[in-house]
Amino acid sequence: MNFIDKLLCWIGQFLGWLDKTTGSYTLALFIFAFVVELLLLPIAIKQQKTSIKQARLRPKEMAIRKKYAGRNDQATQQKVAQEIQEMYQKEGYNPMSSGCLPLLVSLPIVFALYYVVIDPLKYMMGCPTDLANALTTFATAPRADGGLGMMLQSNRGTIEILSKIREMGVSTLEPMKDFRFFTNGADCFSKISEVLNTHSIPDFSIGSLNFGLTPDIAHPSLLLLIPVLTFGVYFGTSKLTRKLTYQPTTANDPGMGCSTTVMDISMPLMSAVFTLWVPGAVGLYWAIKSIVGLGKQFIMSKVMPMPTFTEADYKAAERELAGKSKNKPVKKSGTRNPNVRSLHHID
């Protein structure tokens, strides 16, 4: 295995240990999500400190925007952005540090955990890739050819196959010994049975709801609640998270309100649609992770609250900006007509 596979196996073995310890795959996912958020806490703290630093600059930012209030032409908007950027640089704040860096760090983790959840046979139970592929081939082969004839809604990973084998029993795999497409069917059955019996297949169900299976619109079941749950959790947590975090000012942008509303709906909707193509455990994990992440953000907002300002603070920032403008030297130009009031000169 390469380093990435080894890392995913370590993560999967930890999730498998949680499953055995708690006796519940769902509870193991919850603890797993909590541990992941705990490991990402240093990044979250750094992001919170950066947001607080940006929030403290709000009075100065609003003073700059007020200076150019009522001017919506492109030249003015460029000058507003330039002065705000210069103010940020002077105060030692980098806007990129509050958005891109945490995303770049968290995305690989999200993808890694996705593979761990959908392929427990390989990453949780330590089954070699070739042996896992052999099981998939046998399980999905038509019964006329000696296979199990399983119809899988998702071709990703082995969680759906394991869910069905758990319901039918490991003995269901005995026909693999004589599977016509294998020259070593008996050896494959022996090794796969050893893996399944040694590690035991996790119970992906809560009552009659099996999260190891993939929702199927053609055959409605309770699993279709997963996309609904995903949409509801993502929509609610995004709204609450926005209230707990600092939101940059977007003055002179009448379309921003509509844009925010569209994002609040489109992103959860995309996530919900995606959960129709993957095993229910993936959607369940994403929902749990969102709830745990919201709890972390709530605690951080109490421990490291955002600064608040009064009208006097905004007035003081305006006076400071006005004082700097008066003291700023004016460059003289012998070619400029003094009767022409150009935005680039008067401001």
# chains A, B, ... in the order shown; residues from 1 in each chain; ligands from 1
$ residues_around --residues "Asp313 (chain A)" --least-positions-apart "5" --cutoff "12 Å" --atoms "only C-alpha atoms" --output "number ranges by chain"
A: 56-63, 307-308, 318-320
$ residues_around --residues "Ser24 (chain A)" --least-positions-apart "6" --cutoff "10 Å" --atoms "only C-alpha atoms" --output "ChimeraX atom specification"
/A:18,30,202-206
$ residues_around --residues "region 288-293 of chain A" --least-positions-apart "2" --cutoff "7 Å" --atoms "only C-alpha atoms" --output "list in words"
Phe30, Ala33, Phe34, Glu37, Tyr234, Thr237, Leu284, Tyr285, Trp286, Gly295, Lys296 and Gln297 of chain A
$ write_last_selection --atoms "N, CA and C atoms" --output "PDB file, in the first residue's frame"
ATOM      1  N   PHE A  30     -20.587   9.185  15.355  1.00  0.00           N
ATOM      2  CA  PHE A  30     -20.717  10.427  16.125  1.00  0.00           C
ATOM      3  C   PHE A  30     -19.421  10.743  16.865  1.00  0.00           C
ATOM      4  N   ALA A  33     -16.750  11.749  14.345  1.00  0.00           N
ATOM      5  CA  ALA A  33     -16.898  13.138  13.896  1.00  0.00           C
ATOM      6  C   ALA A  33     -16.416  14.109  14.971  1.00  0.00           C
ATOM      7  N   PHE A  34     -16.692  13.782  16.229  1.00  0.00           N
ATOM      8  CA  PHE A  34     -16.251  14.637  17.342  1.00  0.00           C
ATOM      9  C   PHE A  34     -14.722  14.679  17.415  1.00  0.00           C
ATOM     10  N   GLU A  37     -13.324  16.838  14.565  1.00  0.00           N
ATOM     11  CA  GLU A  37     -13.477  18.272  14.860  1.00  0.00           C
ATOM     12  C   GLU A  37     -12.491  18.705  15.933  1.00  0.00           C
ATOM     13  N   TYR A 234     -27.931  20.800   6.838  1.00  0.00           N
ATOM     14  CA  TYR A 234     -27.036  21.751   6.169  1.00  0.00           C
ATOM     15  C   TYR A 234     -27.650  23.147   6.128  1.00  0.00           C
ATOM     16  N   THR A 237     -27.726  24.527   9.883  1.00  0.00           N
ATOM     17  CA  THR A 237     -26.407  24.833  10.438  1.00  0.00           C
ATOM     18  C   THR A 237     -25.738  26.004   9.728  1.00  0.00           C
ATOM     19  N   LEU A 284     -25.441  10.274   6.610  1.00  0.00           N
ATOM     20  CA  LEU A 284     -25.554  10.320   8.067  1.00  0.00           C
ATOM     21  C   LEU A 284     -24.317  10.944   8.694  1.00  0.00           C
ATOM     22  N   TYR A 285     -23.132  10.554   8.199  1.00  0.00           N
ATOM     23  CA  TYR A 285     -21.899  11.113   8.738  1.00  0.00           C
ATOM     24  C   TYR A 285     -21.813  12.615   8.484  1.00  0.00           C
ATOM     25  N   TRP A 286     -22.197  13.053   7.279  1.00  0.00           N
ATOM     26  CA  TRP A 286     -22.148  14.487   6.970  1.00  0.00           C
ATOM     27  C   TRP A 286     -23.082  15.273   7.884  1.00  0.00           C
ATOM     28  N   GLY A 295     -21.842  22.859  17.026  1.00  0.00           N
ATOM     29  CA  GLY A 295     -21.610  22.924  18.471  1.00  0.00           C
ATOM     30  C   GLY A 295     -20.248  23.507  18.805  1.00  0.00           C
ATOM     31  N   LYS A 296     -19.238  23.117  18.031  1.00  0.00           N
ATOM     32  CA  LYS A 296     -17.891  23.668  18.238  1.00  0.00           C
ATOM     33  C   LYS A 296     -17.869  25.175  17.995  1.00  0.00           C
ATOM     34  N   GLN A 297     -18.538  25.604  16.936  1.00  0.00           N
ATOM     35  CA  GLN A 297     -18.567  27.040  16.620  1.00  0.00           C
ATOM     36  C   GLN A 297     -19.302  27.828  17.688  1.00  0.00           C
TER      37      GLN A 297
END
$ select_by_dssp --residues "region 178-319 of chain A" --states "alpha helix (DSSP H)" --output "ChimeraX atom specification"
/A:185-199,225-244,256-274,280-303,311-319
$ residues_around --residues "region 173-187 of chain A" --least-positions-apart "3" --cutoff "7 Å" --atoms "only C-alpha atoms" --output "list in words"
Phe138, Asp145, Gly146, Gly147, Val170, Ser190 and Lys191 of chain A
$ write_last_selection --atoms "all heavy atoms" --output "PDB file, in the first residue's frame"
ATOM      1  N   PHE A 138     -17.923 -11.542  -7.374  1.00  0.00           N
ATOM      2  CA  PHE A 138     -18.787 -12.684  -7.075  1.00  0.00           C
ATOM      3  C   PHE A 138     -20.187 -12.233  -6.652  1.00  0.00           C
ATOM      4  O   PHE A 138     -21.191 -12.803  -7.081  1.00  0.00           O
ATOM      5  CB  PHE A 138     -18.161 -13.537  -5.968  1.00  0.00           C
ATOM      6  CG  PHE A 138     -19.063 -14.597  -5.432  1.00  0.00           C
ATOM      7  CD1 PHE A 138     -19.389 -15.716  -6.200  1.00  0.00           C
ATOM      8  CD2 PHE A 138     -19.609 -14.489  -4.158  1.00  0.00           C
ATOM      9  CE1 PHE A 138     -20.243 -16.692  -5.708  1.00  0.00           C
ATOM     10  CE2 PHE A 138     -20.454 -15.472  -3.662  1.00  0.00           C
ATOM     11  CZ  PHE A 138     -20.774 -16.572  -4.434  1.00  0.00           C
ATOM     12  N   ASP A 145     -24.590 -17.417 -13.552  1.00  0.00           N
ATOM     13  CA  ASP A 145     -23.154 -17.656 -13.661  1.00  0.00           C
ATOM     14  C   ASP A 145     -22.543 -18.129 -12.348  1.00  0.00           C
ATOM     15  O   ASP A 145     -21.325 -18.264 -12.239  1.00  0.00           O
ATOM     16  CB  ASP A 145     -22.442 -16.376 -14.114  1.00  0.00           C
ATOM     17  CG  ASP A 145     -22.815 -15.996 -15.538  1.00  0.00           C
ATOM     18  OD1 ASP A 145     -23.082 -16.913 -16.333  1.00  0.00           O
ATOM     19  OD2 ASP A 145     -22.837 -14.783 -15.845  1.00  0.00           O
ATOM     20  N   GLY A 146     -23.385 -18.342 -11.343  1.00  0.00           N
ATOM     21  CA  GLY A 146     -22.889 -18.832 -10.057  1.00  0.00           C
ATOM     22  C   GLY A 146     -22.650 -17.751  -9.034  1.00  0.00           C
ATOM     23  O   GLY A 146     -22.194 -18.041  -7.921  1.00  0.00           O
ATOM     24  N   GLY A 147     -22.944 -16.474  -9.362  1.00  0.00           N
ATOM     25  CA  GLY A 147     -22.779 -15.381  -8.414  1.00  0.00           C
ATOM     26  C   GLY A 147     -23.998 -15.204  -7.532  1.00  0.00           C
ATOM     27  O   GLY A 147     -24.940 -16.002  -7.578  1.00  0.00           O
ATOM     28  N   VAL A 170     -22.583 -15.096   6.461  1.00  0.00           N
ATOM     29  CA  VAL A 170     -21.337 -15.333   5.723  1.00  0.00           C
ATOM     30  C   VAL A 170     -21.409 -16.625   4.917  1.00  0.00           C
ATOM     31  O   VAL A 170     -20.781 -16.765   3.864  1.00  0.00           O
ATOM     32  CB  VAL A 170     -20.139 -15.378   6.703  1.00  0.00           C
ATOM     33  CG1 VAL A 170     -18.839 -15.670   5.955  1.00  0.00           C
ATOM     34  CG2 VAL A 170     -20.015 -14.058   7.472  1.00  0.00           C
ATOM     35  N   SER A 190     -12.165 -18.954   1.606  1.00  0.00           N
ATOM     36  CA  SER A 190     -11.525 -19.191   2.905  1.00  0.00           C
ATOM     37  C   SER A 190     -10.972 -17.899   3.498  1.00  0.00           C
ATOM     38  O   SER A 190     -11.189 -17.598   4.677  1.00  0.00           O
ATOM     39  CB  SER A 190     -10.408 -20.228   2.748  1.00  0.00           C
ATOM     40  OG  SER A 190      -9.704 -20.390   3.961  1.00  0.00           O
ATOM     41  N   LYS A 191     -10.296 -17.123   2.645  1.00  0.00           N
ATOM     42  CA  LYS A 191      -9.667 -15.886   3.152  1.00  0.00           C
ATOM     43  C   LYS A 191     -10.703 -14.813   3.482  1.00  0.00           C
ATOM     44  O   LYS A 191     -10.583 -14.118   4.495  1.00  0.00           O
ATOM     45  CB  LYS A 191      -8.663 -15.372   2.126  1.00  0.00           C
ATOM     46  CG  LYS A 191      -7.433 -16.251   1.994  1.00  0.00           C
ATOM     47  CD  LYS A 191      -6.424 -15.668   1.013  1.00  0.00           C
ATOM     48  CE  LYS A 191      -5.167 -16.537   0.945  1.00  0.00           C
ATOM     49  NZ  LYS A 191      -4.165 -15.992   0.006  1.00  0.00           N
TER      50      LYS A 191
END
$ atom_distance --atom1 "CA of Ala272 (chain A)" --atom2 "CA of Thr230 (chain A)"
5.5 Å
$ select_by_dssp --residues "region 28-235 of chain A" --states "strand (DSSP E)" --output "NGL selection string"
:A and (205-206 or 209-210)
$ closest_residue --among "A:Met263, A:Ile226, A:Leu7, A:Ala312" --to "Tyr123 (chain A)" --atoms "only C-alpha atoms"
A:Leu7
$ closest_residue --among "A:Ala28, A:Ile52, A:Ile201, A:Ile4" --to "Thr245 (chain A)" --atoms "only C-alpha atoms"
A:Ile52
$ closest_residue --among "A:Gln78, A:Ser200, A:Asn133, A:Ser221" --to "Gly23 (chain A)" --atoms "only C-alpha atoms"
A:Ser200
$ closest_residue --among "A:Pro305, A:Pro220, A:Pro248, A:Gly212" --to "Arg156 (chain A)" --atoms "only C-alpha atoms"
A:Gly212
$ atom_distance --atom1 "CA of Glu91 (chain A)" --atom2 "CA of Gln54 (chain A)"
9.5 Å
$ residues_around --residues "Val110 (chain A)" --least-positions-apart "4" --cutoff "10 Å" --atoms "only C-alpha atoms" --output "JSON, numbers by chain"
{"A": [36, 105, 106, 114, 115, 286]}
$ residues_around --residues "Leu152 (chain A)" --least-positions-apart "4" --cutoff "8 Å" --atoms "only C-alpha atoms" --output "MDAnalysis selection string"
chainID A and resid 140 160:161
$ write_last_selection --atoms "C-alpha atoms" --output "PDB file, in the first residue's frame"
ATOM      1  CA  THR A 140     -22.650  -8.830  -8.387  1.00  0.00           C
ATOM      2  CA  GLU A 160     -23.545  -2.056   0.560  1.00  0.00           C
ATOM      3  CA  ILE A 161     -22.275  -5.587  -0.084  1.00  0.00           C
TER       4      ILE A 161
END
$ closest_residue --among "A:Gly236, A:Tyr246, A:Asp130, A:Ala281" --to "Ile265 (chain A)" --atoms "only C-alpha atoms"
A:Gly236
$ decode --residues "region 164-257 of chain A" --atoms "C-alpha atoms" --output "mmCIF file, in the first residue's frame"
data_model
loop_
_atom_site.group_PDB
_atom_site.id
_atom_site.type_symbol
_atom_site.label_atom_id
_atom_site.label_comp_id
_atom_site.auth_asym_id
_atom_site.auth_seq_id
_atom_site.Cartn_x
_atom_site.Cartn_y
_atom_site.Cartn_z
ATOM 1 C CA LYS A 164 -26.461 -7.495 2.601
ATOM 2 C CA ILE A 165 -24.004 -10.224 3.615
ATOM 3 C CA ARG A 166 -24.640 -9.395 7.279
ATOM 4 C CA GLU A 167 -28.362 -9.920 6.712
ATOM 5 C CA MET A 168 -27.891 -13.183 4.742
ATOM 6 C CA GLY A 169 -24.940 -14.608 6.710
ATOM 7 C CA VAL A 170 -21.337 -15.333 5.723
ATOM 8 C CA SER A 171 -22.355 -18.846 4.676
ATOM 9 C CA THR A 172 -24.068 -17.241 1.672
ATOM 10 C CA LEU A 173 -20.607 -16.909 0.146
ATOM 11 C CA GLU A 174 -19.974 -20.693 -0.012
ATOM 12 C CA PRO A 175 -20.880 -20.921 -3.744
ATOM 13 C CA MET A 176 -17.736 -18.881 -4.332
ATOM 14 C CA LYS A 177 -15.786 -22.122 -4.000
ATOM 15 C CA ASP A 178 -17.156 -23.256 -7.357
ATOM 16 C CA PHE A 179 -17.518 -19.847 -9.001
ATOM 17 C CA ARG A 180 -16.865 -20.408 -12.693
ATOM 18 C CA PHE A 181 -14.816 -17.230 -13.169
ATOM 19 C CA PHE A 182 -12.340 -18.059 -10.353
ATOM 20 C CA THR A 183 -9.595 -20.642 -10.566
ATOM 21 C CA ASN A 184 -8.963 -20.275 -6.823
ATOM 22 C CA GLY A 185 -12.532 -19.829 -5.586
ATOM 23 C CA ALA A 186 -12.050 -22.050 -2.526
ATOM 24 C CA ASP A 187 -8.999 -20.087 -1.448
ATOM 25 C CA CYS A 188 -10.859 -16.775 -1.936
ATOM 26 C CA PHE A 189 -13.830 -18.004 0.120
ATOM 27 C CA SER A 190 -11.525 -19.191 2.905
ATOM 28 C CA LYS A 191 -9.667 -15.886 3.152
ATOM 29 C CA ILE A 192 -12.761 -13.670 2.899
ATOM 30 C CA SER A 193 -14.583 -15.778 5.490
ATOM 31 C CA GLU A 194 -11.583 -15.413 7.793
ATOM 32 C CA VAL A 195 -11.630 -11.628 7.431
ATOM 33 C CA LEU A 196 -15.387 -11.376 7.989
ATOM 34 C CA ASN A 197 -15.416 -13.720 10.982
ATOM 35 C CA THR A 198 -12.312 -12.236 12.586
ATOM 36 C CA HIS A 199 -13.386 -8.609 12.423
ATOM 37 C CA SER A 200 -17.160 -9.137 12.258
ATOM 38 C CA ILE A 201 -19.288 -7.012 9.938
ATOM 39 C CA PRO A 202 -20.415 -3.737 11.549
ATOM 40 C CA ASP A 203 -24.126 -3.232 12.103
ATOM 41 C CA PHE A 204 -24.980 -0.279 9.867
ATOM 42 C CA SER A 205 -28.647 -0.303 10.923
ATOM 43 C CA ILE A 206 -30.764 1.644 13.359
ATOM 44 C CA GLY A 207 -33.819 -0.516 13.825
ATOM 45 C CA SER A 208 -35.075 -1.395 10.353
ATOM 46 C CA LEU A 209 -33.145 1.466 8.706
ATOM 47 C CA ASN A 210 -29.951 0.125 7.113
ATOM 48 C CA PHE A 211 -27.498 2.967 6.446
ATOM 49 C CA GLY A 212 -25.209 0.639 4.525
ATOM 50 C CA LEU A 213 -27.641 0.704 1.604
ATOM 51 C CA THR A 214 -28.181 3.481 -0.931
ATOM 52 C CA PRO A 215 -31.517 5.338 -1.210
ATOM 53 C CA ASP A 216 -33.515 4.223 -4.232
ATOM 54 C CA ILE A 217 -36.142 6.552 -5.676
ATOM 55 C CA ALA A 218 -37.589 3.729 -7.791
ATOM 56 C CA HIS A 219 -38.222 1.696 -4.611
ATOM 57 C CA PRO A 220 -39.106 4.235 -1.884
ATOM 58 C CA SER A 221 -38.047 3.403 1.658
ATOM 59 C CA LEU A 222 -37.146 5.165 4.876
ATOM 60 C CA LEU A 223 -33.637 5.668 3.468
ATOM 61 C CA LEU A 224 -35.052 8.538 1.411
ATOM 62 C CA LEU A 225 -35.168 10.442 4.686
ATOM 63 C CA ILE A 226 -31.374 10.733 4.466
ATOM 64 C CA PRO A 227 -31.399 13.378 1.673
ATOM 65 C CA VAL A 228 -34.154 15.228 3.568
ATOM 66 C CA LEU A 229 -32.108 15.061 6.767
ATOM 67 C CA THR A 230 -28.980 16.218 4.955
ATOM 68 C CA PHE A 231 -30.763 19.208 3.414
ATOM 69 C CA GLY A 232 -32.392 20.218 6.707
ATOM 70 C CA VAL A 233 -29.191 19.937 8.742
ATOM 71 C CA TYR A 234 -27.036 21.751 6.169
ATOM 72 C CA PHE A 235 -29.610 24.526 5.735
ATOM 73 C CA GLY A 236 -30.084 25.013 9.488
ATOM 74 C CA THR A 237 -26.407 24.833 10.438
ATOM 75 C CA SER A 238 -25.380 27.273 7.681
ATOM 76 C CA LYS A 239 -27.930 29.808 8.934
ATOM 77 C CA LEU A 240 -26.868 29.427 12.571
ATOM 78 C CA THR A 241 -23.152 29.399 11.743
ATOM 79 C CA ARG A 242 -23.536 32.703 9.901
ATOM 80 C CA LYS A 243 -25.014 34.223 13.053
ATOM 81 C CA LEU A 244 -22.137 32.926 15.171
ATOM 82 C CA THR A 245 -19.357 34.136 12.863
ATOM 83 C CA TYR A 246 -18.293 37.487 11.498
ATOM 84 C CA GLN A 247 -19.778 38.373 8.124
ATOM 85 C CA PRO A 248 -17.811 40.901 6.015
ATOM 86 C CA THR A 249 -19.568 44.060 4.891
ATOM 87 C CA THR A 250 -20.853 44.108 1.324
ATOM 88 C CA ALA A 251 -22.031 47.665 0.881
ATOM 89 C CA ASN A 252 -23.433 48.972 -2.378
ATOM 90 C CA ASP A 253 -24.280 45.463 -3.520
ATOM 91 C CA PRO A 254 -28.087 45.189 -3.796
ATOM 92 C CA GLY A 255 -27.875 41.669 -5.206
ATOM 93 C CA MET A 256 -25.972 40.255 -2.267
ATOM 94 C CA GLY A 257 -29.092 39.474 -0.256
#
